[in-house]
Structure formats: C-alpha cells, structure tokens
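Trainee: Okay, handing you the structure first.
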Amino acid sequence: MARLAIFVGLLATLSVQLIAGPPHPQSNQSAASPLTLDDVVRLIKRNKNDRQAVSSAVSQRGVNFEMDEKVSNKLRKAGADDELLGTIWEATPTGKARMRALLTSPSGADIQASAAEALALQDIQNEAAPDRRLQLVDAYEKKFPNSALISYVDTEAARAYQVKGDYDKAQESCRKSLKADPDNTFSLIILAMVLPQPESLKKNPAEAATRLSEAESDARRALTLLDKLERRPDESDSQFAERRSSLAADAHFALGMAEMQRNDFDKAITEYQTAISSTKKPTFQYYYRLAEAEASEGRTPEAIQALQKASELARGTPMQKYAEDFMSELEKKAH
C-alpha cells in the first residue's frame, strides 16, 4: 500500500513568559541563550512546587542538550515527572525540529496549533495498528474539534481504512480532510488510489466513469502540488528527495489504476512504469499491477518478469504466493 508516512509540519508558537528568574546571575546575552542540563536541574530543584515556572523557562529559552536515557534519569532524579520531561524534550534541538515539522502543511504553510495538538497528531502517525490509530483519531476529534491540524488527522484515518481495505470509509475520511485543506497532498493521493479500486467500482457501476475521472484529477493535482512540498526541518536533502519521489510514485500508481479500469492497458503500463522509476523503493503493488497490465496486453514475458520482482519484494509474506500463483498461471498459458 501507499507509504504515506505522513509527517505534516509545524511551527508551534508557545507564547509563555519566563516566570522563574535565571538559575544564577548572567549577562543579558547569556540570559537569552539555551539552558544547559545543569541549568535545568537547578531550575527543577529550585521550583519543586512550581512546575509551571520550570516549563515556562524551558519553553522560553530552549535547551542545548538532547534527551537520552542518561539525561532523562538525571532530570527525574532532580524531580522531573513525565509531563515535564515531555516539555523539556520539546525544547531540545531535535524536539523543536520535530515540532516545526508537525506544524507545517505539505505546501509549506505555517499551521497555528498547540504543542498538545501537534504531539497528539504525532502519536496517531506513529501508531502502526489501524484499529488503534482510528481510536486515537476519534479521541483527537473529541478533544480538539476545531484543531487546525484536523485535515491531517483525517488523512491518518483514511490511511488506516485503506490498510483495512475499507475503501468507502477511506474515501469519506479523505473528503473530510480535503474539506478542511483542499491542498492536502497526502489525502489527494490516498483518494486517487481508493477511487479506482475494483471492489468499489463494482458496487456503483453507474458512477465508475465519474470516479475514475475524479481519481485522475486528484492524482494530477497532487503531482502539481508536490512542486510546493518543502523539506521538513528534521530531514536531510536526500531524505526529502526520496519522500517527494515516493509521493509522486504513488500518484502515478493511482493514474495507472484508473487507466487499468478504463481498459487502457498501454497507458496503465506507462503510469506503472513511471511509478516504479520515480522512487528508489517501489512496492510489491507497483510490480503486481504492472504485471496485470502487461498480461492484459498479451505481453506474457514482461508480465512474468514483473511478477518475479513482485515476488522478491514480498518474500516471506502472503503476497509472495499471490505473485507466484499468477506467474505459474501465465507460464502454463505460454506453453
């Protein structure tokens, strides 16, 4: 399935005041500098009954260290609880970069949302089990019904339904997402892949042409919007290039699916091949669908070659048998 390892950026503007004074006399220049680990330890000990003072100081100034087990243990020993450790993590260089990434839209626009909203979205994105992810989405919508991040929360719901094979619900979540942000590239791509699903088309054959036209339109719009996609603060240039190319590959895959359902196998082959060549990590589905299109055009050797690659990518999973069974069927027909 599509890897829309969806990371929708952010720029959390936590407007807090420095309630507690500096941990020790400093110059004006050092007063604005990030806190050291020792500074934070002293601040925690000095404000044992006023965690808000510590949180405000950390959020205002930031820290110059990263959070690891050793640092976490030292802060806990000083008196930090889980909530305060979370606040300190947000102020670390890695934490701040991650927060900026969570509060930036796919097209690079800043999103005004709280740190709590952003981290709740991160929890949803990090949840691999689709049913549990949907539970987190439901909890988010109840807790933050007016969140500016709701479009990206709905993207995650669509992704979970897509994994479960519930394409009607995936489509519904995509539409909700796009109502909140029409430029949500991720939801456009998921919707473009869901609409041409054969199971869905069979349920409403009268709407097939309309759905395929919409899928094509969504995929092409997503490809256009990818020109606006910006590198997240927490990724390198090469990571950004691969993420962008993977999204482009999914969009071309969706175009291939639409052409396949129109029985235009030549165009489907072209789009599937473009999807494969667009990314360093093409999926099993890309090659399997390419094999279907090649076989439909009577190109049995090319279809078998695509299935061999699909089998390699699916090794050790149930998908490997699908590829090998299809390959055996084609080989029998060829003899």
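Residue names in the structure tokens use chain letters A, B, ... in the order shown, residue numbers from 1 in each chain, and ligand numbers from 1 in the order shown.
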Could the residues of range 235-306 of chain A that have an atom at most 12 Å from range 215-220 of chain A be listed as a Markdown table, each with its closest atom pair and the distance in Å to one decimal, counting only C-alpha atoms and ordered by chain and ascending residue number?

Mentor:
```
| residue | atom | partner | partner_atom | distance |
| --- | --- | --- | --- | --- |
| A:Leu247 | CA | A:Ala219 | CA | 10.1 |
| A:Ala248 | CA | A:Ala219 | CA | 8.9 |
| A:Ala249 | CA | A:Ala219 | CA | 10.3 |
| A:Asp250 | CA | A:Ala219 | CA | 8.6 |
| A:Ala251 | CA | A:Ala219 | CA | 5.0 |
| A:His252 | CA | A:Ala219 | CA | 7.2 |
| A:Phe253 | CA | A:Ala219 | CA | 9.0 |
| A:Ala254 | CA | A:Ala219 | CA | 6.6 |
| A:Leu255 | CA | A:Glu216 | CA | 5.7 |
| A:Gly256 | CA | A:Glu216 | CA | 9.1 |
| A:Met257 | CA | A:Ala215 | CA | 9.1 |
| A:Ala258 | CA | A:Glu216 | CA | 6.7 |
| A:Glu259 | CA | A:Glu216 | CA | 8.7 |
| A:Met260 | CA | A:Glu216 | CA | 11.8 |
| A:Gln261 | CA | A:Ala215 | CA | 11.2 |
| A:Arg262 | CA | A:Glu216 | CA | 11.4 |
| A:Ala268 | CA | A:Glu216 | CA | 11.9 |
| A:Glu271 | CA | A:Ala219 | CA | 11.4 |
```

Trainee: Can those selected residues be exported to a file as a PDB file, in the first residue's frame so that it contains N, CA and C atoms?

Mentor:
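part.pdb was written with the following content:
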```pdb
ATOM      1  N   LEU A 247       5.959   9.984  -2.986  1.00  0.00           N
ATOM      2  CA  LEU A 247       4.611  10.526  -3.160  1.00  0.00           C
ATOM      3  C   LEU A 247       4.255  10.627  -4.641  1.00  0.00           C
ATOM      4  N   ALA A 248       5.225  11.077  -5.443  1.00  0.00           N
ATOM      5  CA  ALA A 248       4.993  11.153  -6.894  1.00  0.00           C
ATOM      6  C   ALA A 248       4.728   9.758  -7.455  1.00  0.00           C
ATOM      7  N   ALA A 249       5.465   8.772  -6.965  1.00  0.00           N
ATOM      8  CA  ALA A 249       5.272   7.391  -7.429  1.00  0.00           C
ATOM      9  C   ALA A 249       3.860   6.908  -7.111  1.00  0.00           C
ATOM     10  N   ASP A 250       3.373   7.214  -5.903  1.00  0.00           N
ATOM     11  CA  ASP A 250       2.013   6.807  -5.539  1.00  0.00           C
ATOM     12  C   ASP A 250       0.973   7.479  -6.433  1.00  0.00           C
ATOM     13  N   ALA A 251       1.216   8.743  -6.779  1.00  0.00           N
ATOM     14  CA  ALA A 251       0.276   9.451  -7.655  1.00  0.00           C
ATOM     15  C   ALA A 251       0.237   8.793  -9.040  1.00  0.00           C
ATOM     16  N   HIS A 252       1.407   8.428  -9.574  1.00  0.00           N
ATOM     17  CA  HIS A 252       1.438   7.758 -10.877  1.00  0.00           C
ATOM     18  C   HIS A 252       0.823   6.359 -10.789  1.00  0.00           C
ATOM     19  N   PHE A 253       1.011   5.700  -9.668  1.00  0.00           N
ATOM     20  CA  PHE A 253       0.383   4.397  -9.459  1.00  0.00           C
ATOM     21  C   PHE A 253      -1.138   4.531  -9.511  1.00  0.00           C
ATOM     22  N   ALA A 254      -1.666   5.594  -8.875  1.00  0.00           N
ATOM     23  CA  ALA A 254      -3.107   5.838  -8.901  1.00  0.00           C
ATOM     24  C   ALA A 254      -3.589   6.092 -10.330  1.00  0.00           C
ATOM     25  N   LEU A 255      -2.810   6.827 -11.109  1.00  0.00           N
ATOM     26  CA  LEU A 255      -3.164   7.063 -12.513  1.00  0.00           C
ATOM     27  C   LEU A 255      -3.183   5.742 -13.290  1.00  0.00           C
ATOM     28  N   GLY A 256      -2.234   4.878 -12.991  1.00  0.00           N
ATOM     29  CA  GLY A 256      -2.205   3.573 -13.632  1.00  0.00           C
ATOM     30  C   GLY A 256      -3.433   2.750 -13.306  1.00  0.00           C
ATOM     31  N   MET A 257      -3.866   2.816 -12.044  1.00  0.00           N
ATOM     32  CA  MET A 257      -5.061   2.072 -11.642  1.00  0.00           C
ATOM     33  C   MET A 257      -6.297   2.572 -12.390  1.00  0.00           C
ATOM     34  N   ALA A 258      -6.396   3.900 -12.530  1.00  0.00           N
ATOM     35  CA  ALA A 258      -7.543   4.468 -13.241  1.00  0.00           C
ATOM     36  C   ALA A 258      -7.554   4.006 -14.706  1.00  0.00           C
ATOM     37  N   GLU A 259      -6.388   4.046 -15.342  1.00  0.00           N
ATOM     38  CA  GLU A 259      -6.312   3.622 -16.746  1.00  0.00           C
ATOM     39  C   GLU A 259      -6.592   2.133 -16.885  1.00  0.00           C
ATOM     40  N   MET A 260      -6.191   1.351 -15.908  1.00  0.00           N
ATOM     41  CA  MET A 260      -6.443  -0.091 -15.930  1.00  0.00           C
ATOM     42  C   MET A 260      -7.946  -0.365 -15.930  1.00  0.00           C
ATOM     43  N   GLN A 261      -8.680   0.385 -15.103  1.00  0.00           N
ATOM     44  CA  GLN A 261     -10.122   0.188 -15.026  1.00  0.00           C
ATOM     45  C   GLN A 261     -10.845   0.686 -16.277  1.00  0.00           C
ATOM     46  N   ARG A 262     -10.187   1.542 -17.033  1.00  0.00           N
ATOM     47  CA  ARG A 262     -10.743   2.001 -18.314  1.00  0.00           C
ATOM     48  C   ARG A 262     -10.365   1.047 -19.456  1.00  0.00           C
ATOM     49  N   ALA A 268      -1.875   2.381 -18.748  1.00  0.00           N
ATOM     50  CA  ALA A 268      -1.662   1.847 -17.392  1.00  0.00           C
ATOM     51  C   ALA A 268      -0.216   1.392 -17.226  1.00  0.00           C
ATOM     52  N   GLU A 271       2.070   4.387 -16.792  1.00  0.00           N
ATOM     53  CA  GLU A 271       1.983   5.005 -15.456  1.00  0.00           C
ATOM     54  C   GLU A 271       2.625   4.115 -14.391  1.00  0.00           C
TER      55      GLU A 271
END
```

Trainee: Got a sec: who's within 12 Å of Glu329 in chain A, counting only C-alpha atoms, leaving out chain neighbours fewer than 6 positions off, as a ChimeraX atom specification?

Mentor: /A:292,295,300,303-304,307,322-323,335

Trainee: Show which residues sit within 9 Å of Glu230 in chain A, as a list in words. Count only C-alpha atoms, and ignore same-chain residues fewer than 6 positions away.

Mentor: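 In the requested form, the answer reads Thr104, Ser105, Pro106, Ser107, Gly108 and Phe240 of chain A.
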
Trainee: Near Gly95 in chain A, counting only C-alpha atoms, which residues have an atom at most 10 Å away, once you skip same-chain residues fewer than 6 positions from it, shown as a JSON list (two decimals) with C-alpha atoms, in the first residue's frame?

Mentor:
```json
[["chain", "number", "residue", "atom", "x", "y", "z"],
["A", 62, "GLY", "CA", 15.12, 26.14, 24.92],
["A", 66, "GLU", "CA", 19.39, 16.19, 23.61],
["A", 67, "MET", "CA", 17.20, 13.81, 25.59],
["A", 86, "GLY", "CA", 7.90, 15.99, 27.62],
["A", 87, "THR", "CA", 8.15, 19.78, 27.83],
["A", 88, "ILE", "CA", 11.94, 19.57, 28.05],
["A", 89, "TRP", "CA", 12.07, 17.24, 25.04],
["A", 101, "ALA", "CA", 7.82, 19.63, 11.08],
["A", 234, "ASP", "CA", 14.08, 17.11, 10.66]]
```

Trainee: Please, which residues of range 142-253 of chain A, numbered as in this document, come out helix (DSSP H, G or I) from DSSP, as a PyMOL selection string?

Mentor: chain A and resi 142-143+150-164+167-180+185-194+198-203+205-228+237-253

Trainee: Compile the contact shell of Gln197 in chain A as a PyMOL selection string: residues with an atom at most 10 Å away, counting only C-alpha atoms, same-chain residues fewer than 3 positions apart removed.

Mentor: chain A and resi 165+167+192-194+200-202+211-212+254+257-258+261

Trainee: To one decimal place in Å, what is the distance between CA of Glu117 in chain A and CA of Ala80 in chain A?

Mentor: 22.3 Å

Trainee: Pick out the closest residue to Ser59 in chain A from this set: A:Ala275, A:Ala109, A:Ala91, A:Leu84. Count only C-alpha atoms.

Mentor: A:Ala91
